[in-house]
Structure formats: C-alpha cells, structure tokens
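Structure below is structure13.tsv: TSV, C-alpha atoms.
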```tsv
chain	number	residue	atom	x	y	z
A	18	MET	CA	-64.35	-21.97	106.87
A	19	PHE	CA	-64.36	-18.50	105.33
A	20	LEU	CA	-63.39	-20.00	101.95
A	21	LEU	CA	-66.26	-22.50	102.09
A	22	ASP	CA	-68.73	-19.74	103.01
A	23	LEU	CA	-67.39	-17.65	100.15
A	24	PHE	CA	-67.76	-20.57	97.72
A	25	VAL	CA	-71.37	-21.16	98.83
A	26	GLY	CA	-72.05	-17.41	98.60
A	27	ILE	CA	-70.70	-17.16	95.04
A	28	ALA	CA	-72.55	-20.31	93.92
A	29	VAL	CA	-75.89	-19.23	95.43
A	30	PHE	CA	-75.61	-15.62	94.21
A	31	PHE	CA	-74.85	-16.63	90.62
A	32	ALA	CA	-77.45	-19.45	90.62
A	33	VAL	CA	-80.15	-16.95	91.64
A	34	ILE	CA	-79.04	-14.13	89.35
A	35	THR	CA	-78.50	-16.41	86.31
A	36	ASN	CA	-82.00	-17.85	86.77
A	37	LEU	CA	-83.47	-14.36	87.16
A	38	PHE	CA	-81.90	-13.23	83.88
A	39	SER	CA	-82.27	-16.53	81.99
A	40	GLY	CA	-83.37	-16.10	78.40
A	41	THR	CA	-81.64	-12.73	78.17
A	42	ILE	CA	-78.09	-11.86	77.20
A	43	PHE	CA	-77.42	-10.98	80.86
A	44	GLY	CA	-78.05	-14.60	81.85
A	45	TYR	CA	-75.12	-15.70	79.63
A	46	ALA	CA	-73.00	-12.76	80.81
A	47	PHE	CA	-73.55	-13.83	84.42
A	48	SER	CA	-72.64	-17.43	83.51
A	49	ILE	CA	-69.32	-16.21	82.07
A	50	ALA	CA	-68.77	-13.97	85.10
A	51	ARG	CA	-69.46	-16.91	87.44
A	52	ALA	CA	-66.88	-19.09	85.65
A	53	LEU	CA	-64.29	-16.29	85.74
A	54	ILE	CA	-64.90	-15.61	89.42
A	55	MET	CA	-64.72	-19.35	90.15
A	56	ILE	CA	-61.33	-19.53	88.37
A	57	ILE	CA	-60.05	-16.62	90.50
A	58	TYR	CA	-61.58	-18.18	93.61
A	59	PHE	CA	-59.96	-21.61	93.01
A	60	ILE	CA	-56.55	-20.04	92.30
A	61	ALA	CA	-56.82	-18.00	95.50
A	62	ALA	CA	-58.25	-20.85	97.61
A	63	PHE	CA	-55.53	-23.27	96.48
A	64	ASN	CA	-52.86	-20.61	96.87
A	65	GLY	CA	-51.79	-20.91	93.25
A	66	GLY	CA	-51.52	-24.69	93.53
A	67	ILE	CA	-49.32	-24.91	96.63
A	68	VAL	CA	-51.25	-25.57	99.82
A	69	SER	CA	-49.19	-25.37	103.00
A	70	LEU	CA	-50.13	-26.12	106.57
A	71	THR	CA	-48.09	-25.79	109.75
A	72	MET	CA	-49.06	-27.70	112.86
A	73	PRO	CA	-47.23	-27.31	116.17
A	74	LEU	CA	-47.14	-30.66	117.95
A	75	ARG	CA	-45.77	-31.38	121.43
A	76	GLU	CA	-42.04	-31.15	120.83
A	77	PHE	CA	-41.80	-30.19	117.20
A	78	THR	CA	-43.47	-28.33	114.40
A	79	VAL	CA	-44.76	-30.18	111.35
A	80	SER	CA	-45.27	-28.35	108.09
A	81	ILE	CA	-47.06	-29.96	105.19
A	82	VAL	CA	-46.87	-28.69	101.61
A	83	VAL	CA	-49.21	-30.22	99.04
A	84	ASP	CA	-48.72	-29.45	95.36
A	85	VAL	CA	-52.24	-29.46	93.87
A	86	LYS	CA	-51.27	-27.74	90.61
A	87	ALA	CA	-52.55	-30.66	88.51
A	88	PHE	CA	-55.91	-30.63	90.30
A	89	LEU	CA	-56.12	-26.83	90.05
A	90	THR	CA	-55.29	-26.93	86.33
A	91	ILE	CA	-58.20	-29.31	85.71
A	92	LEU	CA	-60.52	-27.11	87.80
A	93	VAL	CA	-59.53	-24.07	85.74
A	94	LEU	CA	-59.95	-26.05	82.50
A	95	VAL	CA	-63.47	-27.14	83.51
A	96	ASN	CA	-64.40	-23.52	84.14
A	97	LEU	CA	-62.81	-22.48	80.84
A	98	LEU	CA	-64.95	-25.11	79.13
A	99	GLY	CA	-67.93	-23.53	80.89
A	100	ILE	CA	-66.93	-20.11	79.51
A	101	GLY	CA	-66.57	-21.65	76.03
A	102	LYS	CA	-70.02	-23.18	76.32
A	103	SER	CA	-71.52	-19.84	77.47
A	104	LEU	CA	-69.82	-18.00	74.57
A	105	LEU	CA	-71.29	-20.47	72.10
A	106	GLN	CA	-74.71	-20.10	73.73
A	107	VAL	CA	-74.51	-16.30	73.59
A	108	THR	CA	-73.46	-16.47	69.93
A	109	GLY	CA	-76.46	-18.71	69.20
A	110	PHE	CA	-78.72	-16.40	71.18
A	111	LEU	CA	-77.52	-13.30	69.28
A	112	ALA	CA	-77.78	-15.10	65.92
A	113	LYS	CA	-81.37	-16.04	66.69
A	114	LYS	CA	-82.11	-12.45	67.74
A	115	VAL	CA	-80.62	-11.04	64.53
A	116	GLU	CA	-82.61	-13.56	62.47
A	117	ALA	CA	-85.81	-12.61	64.32
A	118	ASP	CA	-85.09	-8.88	63.78
A	119	LYS	CA	-84.50	-9.46	60.05
A	120	LEU	CA	-87.70	-11.44	59.72
A	121	ASN	CA	-89.62	-8.63	61.44
B	15	MET	CA	-73.99	-24.92	67.11
B	16	LYS	CA	-76.42	-26.86	69.31
B	17	GLN	CA	-74.30	-30.02	68.98
B	18	ALA	CA	-71.14	-28.17	69.93
B	19	ILE	CA	-72.87	-26.66	72.98
B	20	ARG	CA	-74.18	-30.08	73.96
B	21	ALA	CA	-70.73	-31.66	73.55
B	22	LEU	CA	-69.17	-28.95	75.72
B	23	ALA	CA	-71.90	-29.40	78.34
B	24	ILE	CA	-71.30	-33.16	78.42
B	25	ALA	CA	-67.51	-32.71	78.61
B	26	THR	CA	-67.87	-30.20	81.45
B	27	LEU	CA	-70.25	-32.51	83.32
B	28	ILE	CA	-67.93	-35.52	82.91
B	29	LEU	CA	-64.93	-33.49	84.08
B	30	TRP	CA	-66.85	-32.20	87.12
B	31	ILE	CA	-67.93	-35.76	88.01
B	32	LEU	CA	-64.35	-37.03	87.64
B	33	LEU	CA	-62.96	-34.16	89.71
B	34	ILE	CA	-65.47	-34.58	92.51
B	35	ALA	CA	-65.02	-38.37	92.48
B	36	PHE	CA	-61.24	-37.95	92.64
B	37	ALA	CA	-61.50	-35.42	95.49
B	38	ILE	CA	-63.80	-37.69	97.52
B	39	THR	CA	-61.77	-40.86	96.93
B	40	ALA	CA	-58.50	-39.01	97.63
B	41	VAL	CA	-59.81	-37.77	101.00
B	42	TYR	CA	-61.12	-41.29	101.76
B	43	SER	CA	-57.73	-42.78	100.81
B	44	VAL	CA	-55.82	-40.38	103.04
B	45	MET	CA	-58.18	-41.21	105.92
B	46	ASN	CA	-57.54	-44.93	105.36
B	47	LEU	CA	-53.78	-44.52	105.43
B	48	GLY	CA	-52.33	-46.20	108.49
B	49	ILE	CA	-48.98	-44.81	109.53
B	50	ASN	CA	-47.40	-46.45	112.57
B	51	PHE	CA	-44.09	-45.67	114.22
B	52	GLY	CA	-42.19	-48.35	116.11
B	53	GLU	CA	-39.99	-47.84	119.13
B	54	THR	CA	-36.85	-45.84	118.40
B	55	GLN	CA	-33.78	-47.99	118.73
B	56	PHE	CA	-30.12	-47.13	119.20
B	57	PHE	CA	-27.31	-49.32	117.94
B	58	SER	CA	-23.61	-48.87	118.14
B	59	SER	CA	-21.54	-50.71	115.59
B	60	ASN	CA	-17.81	-50.17	114.98
B	61	ASP	CA	-17.41	-46.40	114.89
B	62	ASN	CA	-21.09	-45.73	114.12
B	63	VAL	CA	-23.98	-44.77	116.30
B	64	VAL	CA	-27.22	-45.68	114.56
B	65	LEU	CA	-30.59	-44.24	115.48
B	66	SER	CA	-33.25	-46.44	113.93
B	67	LEU	CA	-36.82	-45.21	113.48
B	68	PRO	CA	-38.99	-48.14	112.34
B	69	PHE	CA	-42.26	-47.26	110.66
B	70	SER	CA	-44.96	-48.95	108.62
B	71	ILE	CA	-47.41	-47.57	106.10
B	72	ASN	CA	-50.61	-49.47	105.47
B	73	ASN	CA	-52.15	-48.07	102.30
B	74	GLN	CA	-55.80	-49.14	102.31
B	75	GLY	CA	-56.83	-46.28	100.04
B	76	TYR	CA	-57.60	-46.27	96.33
B	77	TYR	CA	-54.37	-44.67	95.17
B	78	ASP	CA	-50.69	-45.60	95.17
B	79	ILE	CA	-48.08	-43.69	97.06
B	80	SER	CA	-44.88	-43.49	95.07
B	81	GLU	CA	-41.35	-42.13	95.52
B	82	LEU	CA	-41.51	-41.89	99.30
B	83	ASN	CA	-38.27	-40.27	100.35
B	84	VAL	CA	-37.36	-39.64	103.97
B	85	THR	CA	-34.31	-37.43	104.51
B	86	THR	CA	-32.86	-36.45	107.85
B	87	HIS	CA	-30.25	-33.80	108.56
B	88	VAL	CA	-28.55	-33.83	111.93
B	89	THR	CA	-26.91	-30.53	112.73
B	90	ASP	CA	-25.27	-29.12	115.81
B	91	TYR	CA	-26.37	-25.92	117.56
B	92	ASN	CA	-24.32	-23.89	115.03
B	93	GLY	CA	-26.06	-25.50	112.07
B	94	THR	CA	-23.05	-27.58	111.02
B	95	LEU	CA	-24.13	-30.78	109.28
B	96	LEU	CA	-23.15	-33.85	111.28
B	97	ALA	CA	-25.11	-36.58	109.53
B	98	LEU	CA	-27.35	-37.01	106.51
B	99	SER	CA	-29.58	-40.05	106.10
B	100	GLU	CA	-31.99	-41.02	103.39
B	101	THR	CA	-34.62	-43.76	103.04
B	102	PHE	CA	-36.37	-44.35	99.74
B	103	VAL	CA	-39.46	-46.46	99.16
B	104	PRO	CA	-40.26	-46.58	95.41
B	105	LEU	CA	-43.90	-47.64	95.68
B	106	ILE	CA	-46.59	-48.35	98.26
B	107	ALA	CA	-49.30	-49.81	96.11
B	108	SER	CA	-52.95	-49.48	96.97
B	109	GLY	CA	-53.94	-52.21	99.43
B	110	SER	CA	-50.38	-53.00	100.47
B	111	ASN	CA	-48.41	-52.60	103.67
B	112	VAL	CA	-44.76	-51.53	103.77
B	113	GLU	CA	-42.58	-51.89	106.83
B	114	THR	CA	-39.18	-50.25	106.87
B	115	ALA	CA	-36.86	-48.28	109.11
B	116	HIS	CA	-35.18	-44.95	108.72
B	117	ASN	CA	-31.64	-45.26	110.01
B	118	ILE	CA	-29.67	-42.19	111.01
B	119	SER	CA	-26.02	-43.10	111.20
B	120	ILE	CA	-23.55	-40.86	112.99
B	121	THR	CA	-19.88	-41.68	112.63
B	122	LEU	CA	-18.23	-40.60	115.85
B	123	THR	CA	-14.70	-40.54	114.40
B	124	ASP	CA	-15.88	-38.12	111.70
B	125	ILE	CA	-17.43	-35.85	114.33
B	126	LEU	CA	-14.29	-36.01	116.45
B	127	SER	CA	-12.10	-35.28	113.43
B	128	MET	CA	-14.20	-32.11	112.93
B	129	GLY	CA	-13.03	-30.99	116.36
B	130	TYR	CA	-16.20	-31.81	118.24
B	131	THR	CA	-14.54	-33.52	121.23
B	132	GLU	CA	-16.73	-31.35	123.45
B	133	PHE	CA	-19.63	-33.68	122.58
B	134	LEU	CA	-17.81	-36.39	124.53
B	135	PHE	CA	-17.38	-34.31	127.66
B	136	ASN	CA	-20.35	-31.94	127.73
B	137	ASP	CA	-24.04	-32.62	127.33
B	138	SER	CA	-25.47	-30.82	124.32
B	139	SER	CA	-28.29	-31.03	121.83
B	140	PHE	CA	-28.69	-31.76	118.13
B	141	GLU	CA	-31.16	-30.36	115.65
B	142	LEU	CA	-32.95	-33.07	113.70
B	143	ASP	CA	-34.58	-31.86	110.47
B	144	THR	CA	-36.71	-34.46	108.73
B	145	PHE	CA	-38.16	-34.05	105.24
B	146	VAL	CA	-40.67	-36.52	103.85
B	147	ALA	CA	-41.51	-36.27	100.15
B	148	LEU	CA	-44.02	-38.48	98.39
B	149	ASN	CA	-46.19	-38.59	95.34
B	150	PHE	CA	-49.85	-39.31	96.04
B	151	ALA	CA	-51.85	-40.96	93.27
B	152	HIS	CA	-48.91	-40.26	90.88
B	153	ALA	CA	-50.34	-36.73	90.61
B	154	ILE	CA	-50.09	-34.83	93.87
B	155	PRO	CA	-46.59	-34.29	95.32
B	156	VAL	CA	-46.62	-33.86	99.10
B	157	GLN	CA	-43.78	-32.61	101.29
B	158	ILE	CA	-43.77	-32.91	105.05
B	159	SER	CA	-41.02	-31.35	107.13
B	160	MET	CA	-40.44	-31.30	110.85
B	161	ASN	CA	-37.66	-30.22	113.10
B	162	LEU	CA	-36.87	-31.53	116.49
B	163	THR	CA	-34.23	-30.82	119.08
B	164	ILE	CA	-32.83	-33.99	120.60
B	165	PRO	CA	-30.71	-33.91	123.72
B	166	TRP	CA	-27.23	-35.42	123.54
B	167	GLY	CA	-25.78	-37.02	126.64
B	168	ALA	CA	-21.99	-36.91	126.80
B	169	PRO	CA	-20.31	-40.27	127.46
B	170	PHE	CA	-17.66	-38.62	129.70
B	171	SER	CA	-19.87	-36.06	131.40
B	172	ASN	CA	-18.65	-34.38	134.58
B	173	LEU	CA	-15.14	-35.78	134.10
B	174	SER	CA	-13.18	-35.26	137.26
B	175	ILE	CA	-9.52	-36.14	137.70
B	176	GLU	CA	-7.42	-35.09	140.65
B	177	TYR	CA	-3.67	-35.22	141.12
B	178	ILE	CA	-2.58	-36.16	144.63
B	179	PRO	CA	1.17	-36.13	145.29
B	180	PRO	CA	2.60	-39.64	145.73
B	181	GLU	CA	2.84	-41.30	149.11
B	182	ASN	CA	4.95	-44.38	149.78
B	183	ASN	CA	5.98	-44.58	146.11
B	184	THR	CA	2.32	-44.84	145.11
B	185	LEU	CA	0.54	-42.34	142.97
B	186	VAL	CA	-3.23	-42.46	143.41
B	187	ILE	CA	-5.25	-40.45	140.92
B	188	PRO	CA	-9.03	-40.53	141.47
B	189	LEU	CA	-11.01	-40.47	138.25
B	190	SER	CA	-14.75	-40.20	137.88
B	191	PHE	CA	-17.27	-39.44	135.16
B	192	GLU	CA	-20.89	-40.12	134.29
B	193	ASN	CA	-21.95	-41.81	131.07
B	194	HIS	CA	-24.98	-39.76	129.99
B	195	SER	CA	-25.02	-41.32	126.50
B	196	PHE	CA	-27.39	-43.99	125.24
B	197	PHE	CA	-24.54	-46.42	124.53
B	198	ASP	CA	-22.22	-48.37	126.80
B	199	ILE	CA	-18.59	-47.30	126.98
B	200	VAL	CA	-16.39	-50.33	126.42
B	201	GLY	CA	-12.68	-49.97	125.80
B	202	THR	CA	-9.41	-49.17	127.47
B	203	LEU	CA	-8.48	-46.11	129.47
B	204	ARG	CA	-4.81	-45.10	129.69
B	205	LEU	CA	-3.48	-42.48	132.04
B	206	GLU	CA	-0.05	-41.00	131.38
B	207	VAL	CA	1.74	-38.66	133.72
B	208	TYR	CA	4.13	-36.11	132.15
B	209	ASN	CA	6.48	-33.85	134.07
B	210	ASN	CA	7.04	-30.15	133.34
B	211	LEU	CA	9.65	-31.12	130.67
B	212	ASP	CA	6.98	-33.15	128.88
B	213	GLU	CA	8.76	-36.40	129.71
B	214	LEU	CA	6.60	-39.43	130.33
B	215	VAL	CA	6.95	-40.39	133.97
B	216	ILE	CA	4.56	-43.32	134.22
B	217	SER	CA	1.46	-44.69	132.54
B	218	GLU	CA	-1.23	-47.08	133.57
B	219	GLN	CA	-3.97	-48.73	131.58
B	220	SER	CA	-7.23	-50.27	132.65
B	221	SER	CA	-10.22	-51.71	130.87
B	222	LEU	CA	-13.47	-49.83	131.03
B	223	ASN	CA	-17.07	-50.98	130.83
B	224	VAL	CA	-19.54	-48.32	131.85
B	225	SER	CA	-23.15	-48.94	131.01
B	226	SER	CA	-25.40	-46.27	129.56
B	227	HIS	CA	-26.36	-43.76	132.27
B	228	GLY	CA	-23.88	-45.44	134.60
B	229	GLU	CA	-21.09	-43.88	136.62
B	230	TYR	CA	-17.37	-44.56	136.81
B	231	ASP	CA	-15.52	-43.70	139.96
B	232	GLU	CA	-12.25	-45.54	140.44
B	233	PRO	CA	-8.78	-44.34	141.23
B	234	PHE	CA	-5.70	-45.10	139.14
B	235	GLU	CA	-2.99	-46.60	141.35
B	236	MET	CA	0.52	-46.41	139.99
B	237	TYR	CA	3.62	-47.70	141.70
B	238	LEU	CA	6.60	-45.44	141.11
B	239	SER	CA	10.15	-46.71	140.96
B	240	ILE	CA	13.00	-44.54	142.26
B	241	GLY	CA	13.71	-43.53	138.68
B	242	ASP	CA	10.08	-42.53	138.10
B	243	LEU	CA	10.05	-40.54	141.36
B	244	SER	CA	13.14	-38.61	140.31
B	245	LYS	CA	11.44	-37.59	137.04
B	246	LEU	CA	8.19	-36.52	138.72
B	247	THR	CA	7.83	-32.78	139.17
B	248	GLU	CA	5.40	-30.67	141.17
B	249	ASN	CA	3.59	-29.64	138.04
B	250	GLY	CA	3.06	-31.17	134.62
B	251	ASN	CA	0.31	-32.75	132.59
B	252	LEU	CA	-1.92	-35.77	132.78
B	253	ARG	CA	-2.90	-37.37	129.51
B	254	LEU	CA	-6.06	-39.43	129.47
B	255	VAL	CA	-6.56	-41.63	126.43
B	256	PHE	CA	-9.70	-43.63	125.84
B	257	GLU	CA	-9.67	-46.19	123.04
B	258	SER	CA	-12.67	-48.13	121.83
B	259	PRO	CA	-13.81	-49.60	118.51
B	260	MET	CA	-16.17	-46.62	118.18
B	261	PHE	CA	-13.72	-43.80	118.75
B	262	THR	CA	-10.44	-42.72	120.34
B	263	VAL	CA	-10.22	-39.60	122.39
B	264	GLU	CA	-7.56	-37.95	124.49
B	265	GLN	CA	-7.67	-35.21	127.04
B	266	TRP	CA	-4.77	-33.23	128.50
B	267	ILE	CA	-5.21	-32.02	132.07
B	268	PRO	CA	-2.55	-29.91	133.78
B	269	TYR	CA	-1.69	-30.66	137.39
B	270	GLY	CA	0.15	-28.86	140.14
```
Structure rendered as structure tokens:
Amino acid sequence: MFLLDLFVGIAVFFAVITNLFSGTIFGYAFSIARALIMIIYFIAAFNGGIVSLTMPLREFTVSIVVDVKAFLTILVLVNLLGIGKSLLQVTGFLAKKVEADKLN
Amino acid sequence: MKQAIRALAIATLILWILLIAFAITAVYSVMNLGINFGETQFFSSNDNVVLSLPFSINNQGYYDISELNVTTHVTDYNGTLLALSETFVPLIASGSNVETAHNISITLTDILSMGYTEFLFNDSSFELDTFVALNFAHAIPVQISMNLTIPWGAPFSNLSIEYIPPENNTLVIPLSFENHSFFDIVGTLRLEVYNNLDELVISEQSSLNVSSHGEYDEPFEMYLSIGDLSKLTENGNLRLVFESPMFTVEQWIPYG
C-alpha cells in the first residue's frame, strides 16, 4: 500500500511541477528527474526483479518467488526512452533559444 | 529533431500501452487459473510405498504455462534425504486443462538398508519439501516452495513380546503390536528362540494380515520335544523376523 501511495505521490508531484515549469528548461529537467526517480522506484518496488512473498497457511508455509526481471527491464527501457525524448526536447529548446538570442 | 521526438513519444506510448495491457491480462489470467487438488492416495506396490497427490490445472487465462516442474524431497528429522520425486508438465496451453498426479515413491528396503529400522517400530515424522517451478507467459519464471511435516505411523508400533517359561512342553510367547501405518501388513512372521549359546532351540512361523490402524495380539504356541527342552536355557534371545513383498525386518529381543 505504501508503494502505491508513493507511486501516486511521485506521479502527482511531477505532473504538477512539470506543468508549472512547462516552456522553461526546468520543465524538461523535471521530466528527466521524474523518469530517473521512476526507474529507481520500479527497481526498488520490484526488489531488483525478484518479488518474493511468504504466506503461512494452516499446517505449512508457502513462499512464492516471481522473477519479473523481463518486465522490469521493459519498464526501465520505457523510462530511458522518456529521458531520451526529454534530452532531445531540451536540445531543441536550447537551440531555439540560442537562435532567438542571435537574432536579437 | 521534431520527427525524432515524435517517434520517441510514439514508441514510449506504445510500450506503455503494451506494458499496461500485459500487466492487466497477466493478473486476469492468474485469477482465471483453476488449480484443484484431488484426494491424497496411498499405494503399496512390491517394496514401494507411493503417496499420490492428484491435481489439475485449468488454464483459462490468456497465457501459456510452460515447464511446470514439481519436485518433492522427503527427509527425516535429521535432514537425511529419503525420497526424491519429480513431475514435469511441458506445457499447459491457454484454454486447456491438464490433469496429472505427483507421485512420491518411498522404497522401504532402501530406507531399511540405511539403518532406519526404527521407522518400523516407532512413530515418527517426515519433512516434506515441495518446490514448484513454472514459466508464466514464457517470460515470467515463478517458484513456489512449501514445507510440511507429515506424521509417520510405525507398522510395528508398541511391539510387545514376553517370554514365559514353558509349561507341559509348551512354550507360549504372547506377541502384540499396533499397525499405525497407512498400509496393511501382509506377510509371514517367524519367531526363533535361541539359548545362551546362540543355538536355535525352536522356531515357529505364522502368516500375518493386519489392516492399517489395526492391532495384532496373538500368542505363539510352540511344542517342545525333549531334545528342544534340553537345549532351552533360562536366558537367551528371541529373534522375530517379518517377511513381506515390501520389506524384511528382524528384531532381536533378549529374554530371561
């Protein structure tokens, strides 16, 4: 439950702050920061790709280990793509700014 | 630059949609997985005791389950391996139902040859460690392990044998035990009387058929000749030999 709350907290915080700073270089910086924090969050939430659960039943204890490394890898890759996109956007933004400065 | 950004945005969006769709359908598939366990059955064949755990998996989800491997280790209270069983199901395709049984076979002669005759005379317990490994959707390996302590009922529990000195050339030796095991004891029981010089004085054999959780309480009556009586001493040993297709066991009990 704590992990879900944390996810919602990160998503809401960065959605608000990115919108507040949209059109500035900080907006892109916050987008990159969000993707990086999401990568760290997913790695921590999925315990590095190995999710384990232990359930005591009546007479015995059942432990379940799920290897979600493949799923986690794709999640990390999606966020890396997001970082790549933000880097390209920031490059475009800076190029436009330099062009505008030169014209002025 | 704009085209590259747009391509990355589209790729990210597609990947997010695929990931979310996979996560939702995977959870739905797991919820639609019907796993049923049948009644545990015990068989005894030749020198084997087989514990059969029938189960069925009804995969009504969207993804296949592959390489299902059920492994069971049976160990004694010291952790010594007594039996190892494995059941492998290569594929449970989406929409299919697989019914199988996991059989744990324990060879009694092997256990007895390891010096575990105490299992025949004293109730005990075994540790059952079960590992289930499977591959969900050919992408997510899952391992489930559980351990369970199962009680073991000794087939010759509370064995009682009493030597009563012969009267009127007749030696009467009361013998009783309780069969706490889950299998019937069918075979022959031989009682041999040895004197203090380890000479065989007399032996008697009787057939035995004690049902699971039944009791045996019958005396051995042996008629002694004059020669047998002369060999009999006040102390010595009784040798009890039980022979069945499943196992052979002997027990030495001193008397006098």
Hey, which bits of chain B sit within 6 Å of chain A, and for each residue what's the closest pair of atoms and how far apart in Å (one decimal), counting only C-alpha atoms, rows by chain and increasing number, as a Markdown table?
```
| residue | atom | partner | partner_atom | distance |
| --- | --- | --- | --- | --- |
| B:Ile19 | CA | A:Lys102 | CA | 5.6 |
| B:Leu22 | CA | A:Lys102 | CA | 5.9 |
| B:Thr26 | CA | A:Val95 | CA | 5.7 |
| B:Ile154 | CA | A:Asp84 | CA | 5.7 |
| B:Pro155 | CA | A:Asp84 | CA | 5.3 |
| B:Val156 | CA | A:Val83 | CA | 4.5 |
| B:Gln157 | CA | A:Val82 | CA | 5.0 |
| B:Ile158 | CA | A:Ile81 | CA | 4.4 |
| B:Ser159 | CA | A:Ser80 | CA | 5.3 |
| B:Met160 | CA | A:Val79 | CA | 4.5 |
| B:Asn161 | CA | A:Phe77 | CA | 5.8 |
| B:Leu162 | CA | A:Phe77 | CA | 5.2 |
```
Handout entry: Distance of atom CA of B:His152 from atom CA of B:Ile34, expressed in Å to one decimal place
Key =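 Atom CA of B:His152 lies 17.6 Å from atom CA of B:Ile34.
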Exercise for the section: May I ask which of the residues B:Thr39, B:Asn72, B:Ser226, B:Ser108 is the closest one to B:Phe51, counting all atoms listed in the file? Expected result: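 Of B:Thr39, B:Asn72, B:Ser226, B:Ser108, the one nearest B:Phe51 is B:Asn72, counting all atoms listed in the file.
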Exercise for the section: Name all residues at most 6 Å from B:Tyr208 (count all atoms listed in the file; drop same-chain ones fewer than 4 positions away) and give them as a ChimeraX atom specification. Expected result: /B:212-215,250-251
Problem - Neighbour list for B:Val112 as a PyMOL selection string, cut-off 7 Å, only C-alpha atoms, skip fewer than 4 positions in-chain - result: chain B and resi 70-72+106
To box stretch 69-79 of chain A, take all atoms listed in the file, fit an axis-aligned box, add 3 Å on each side, and give centre and edge lengths in Å to one decimal, as AutoDock Vina command-line options.
```
--center_x -46.0 --center_y -28.4 --center_z 112.2 --size_x 14.3 --size_y 12.0 --size_z 24.4
```
Exercise for the section: For atom CA of B:Ser195 and atom CA of B:Glu232, determine how far apart the two atoms are, in Å to one decimal place. Expected result: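 For atom CA of B:Ser195 relative to atom CA of B:Glu232, the distance reads 19.4 Å.
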Take stretch 244-264 of chain B, model N, CA and C atoms, and hand the result over as a CSV table (one decimal), in the coordinates of the input.
```
chain,number,residue,atom,x,y,z
B,244,SER,N,12.2,-39.7,140.6
B,244,SER,CA,13.1,-38.6,140.3
B,244,SER,C,12.7,-37.7,139.1
B,245,LYS,N,11.9,-38.4,138.2
B,245,LYS,CA,11.4,-37.6,137.0
B,245,LYS,C,10.2,-36.8,137.4
B,246,LEU,N,9.5,-37.2,138.4
B,246,LEU,CA,8.2,-36.5,138.7
B,246,LEU,C,8.4,-35.1,139.3
B,247,THR,N,7.7,-34.2,138.7
B,247,THR,CA,7.8,-32.8,139.2
B,247,THR,C,6.5,-32.3,139.8
B,248,GLU,N,6.6,-31.2,140.4
B,248,GLU,CA,5.4,-30.7,141.2
B,248,GLU,C,4.3,-30.3,140.2
B,249,ASN,N,4.6,-29.9,139.0
B,249,ASN,CA,3.6,-29.6,138.0
B,249,ASN,C,3.9,-30.3,136.7
B,250,GLY,N,2.9,-30.5,135.9
B,250,GLY,CA,3.1,-31.2,134.6
B,250,GLY,C,1.7,-31.4,134.0
B,251,ASN,N,1.6,-32.5,133.3
B,251,ASN,CA,0.3,-32.8,132.6
B,251,ASN,C,-0.1,-34.2,132.7
B,252,LEU,N,-1.4,-34.4,132.8
B,252,LEU,CA,-1.9,-35.8,132.8
B,252,LEU,C,-2.6,-36.0,131.4
B,253,ARG,N,-2.3,-37.1,130.8
B,253,ARG,CA,-2.9,-37.4,129.5
B,253,ARG,C,-3.8,-38.6,129.7
B,254,LEU,N,-5.1,-38.4,129.3
B,254,LEU,CA,-6.1,-39.4,129.5
B,254,LEU,C,-6.4,-39.9,128.1
B,255,VAL,N,-6.2,-41.1,127.8
B,255,VAL,CA,-6.6,-41.6,126.4
B,255,VAL,C,-7.6,-42.8,126.6
B,256,PHE,N,-8.7,-42.6,125.9
B,256,PHE,CA,-9.7,-43.6,125.8
B,256,PHE,C,-9.8,-44.2,124.4
B,257,GLU,N,-9.6,-45.5,124.3
B,257,GLU,CA,-9.7,-46.2,123.0
B,257,GLU,C,-10.8,-47.2,123.0
B,258,SER,N,-11.6,-47.1,122.0
B,258,SER,CA,-12.7,-48.1,121.8
B,258,SER,C,-12.9,-48.4,120.3
B,259,PRO,N,-13.6,-49.4,119.9
B,259,PRO,CA,-13.8,-49.6,118.5
B,259,PRO,C,-14.6,-48.4,117.9
B,260,MET,N,-15.4,-47.7,118.7
B,260,MET,CA,-16.2,-46.6,118.2
B,260,MET,C,-15.4,-45.3,118.0
B,261,PHE,N,-14.5,-45.0,118.9
B,261,PHE,CA,-13.7,-43.8,118.8
B,261,PHE,C,-12.5,-43.8,119.7
B,262,THR,N,-11.6,-42.9,119.5
B,262,THR,CA,-10.4,-42.7,120.3
B,262,THR,C,-10.4,-41.2,120.7
B,263,VAL,N,-10.2,-41.0,122.0
B,263,VAL,CA,-10.2,-39.6,122.4
B,263,VAL,C,-9.2,-39.4,123.5
B,264,GLU,N,-8.5,-38.2,123.4
B,264,GLU,CA,-7.6,-38.0,124.5
B,264,GLU,C,-7.8,-36.6,125.1
```
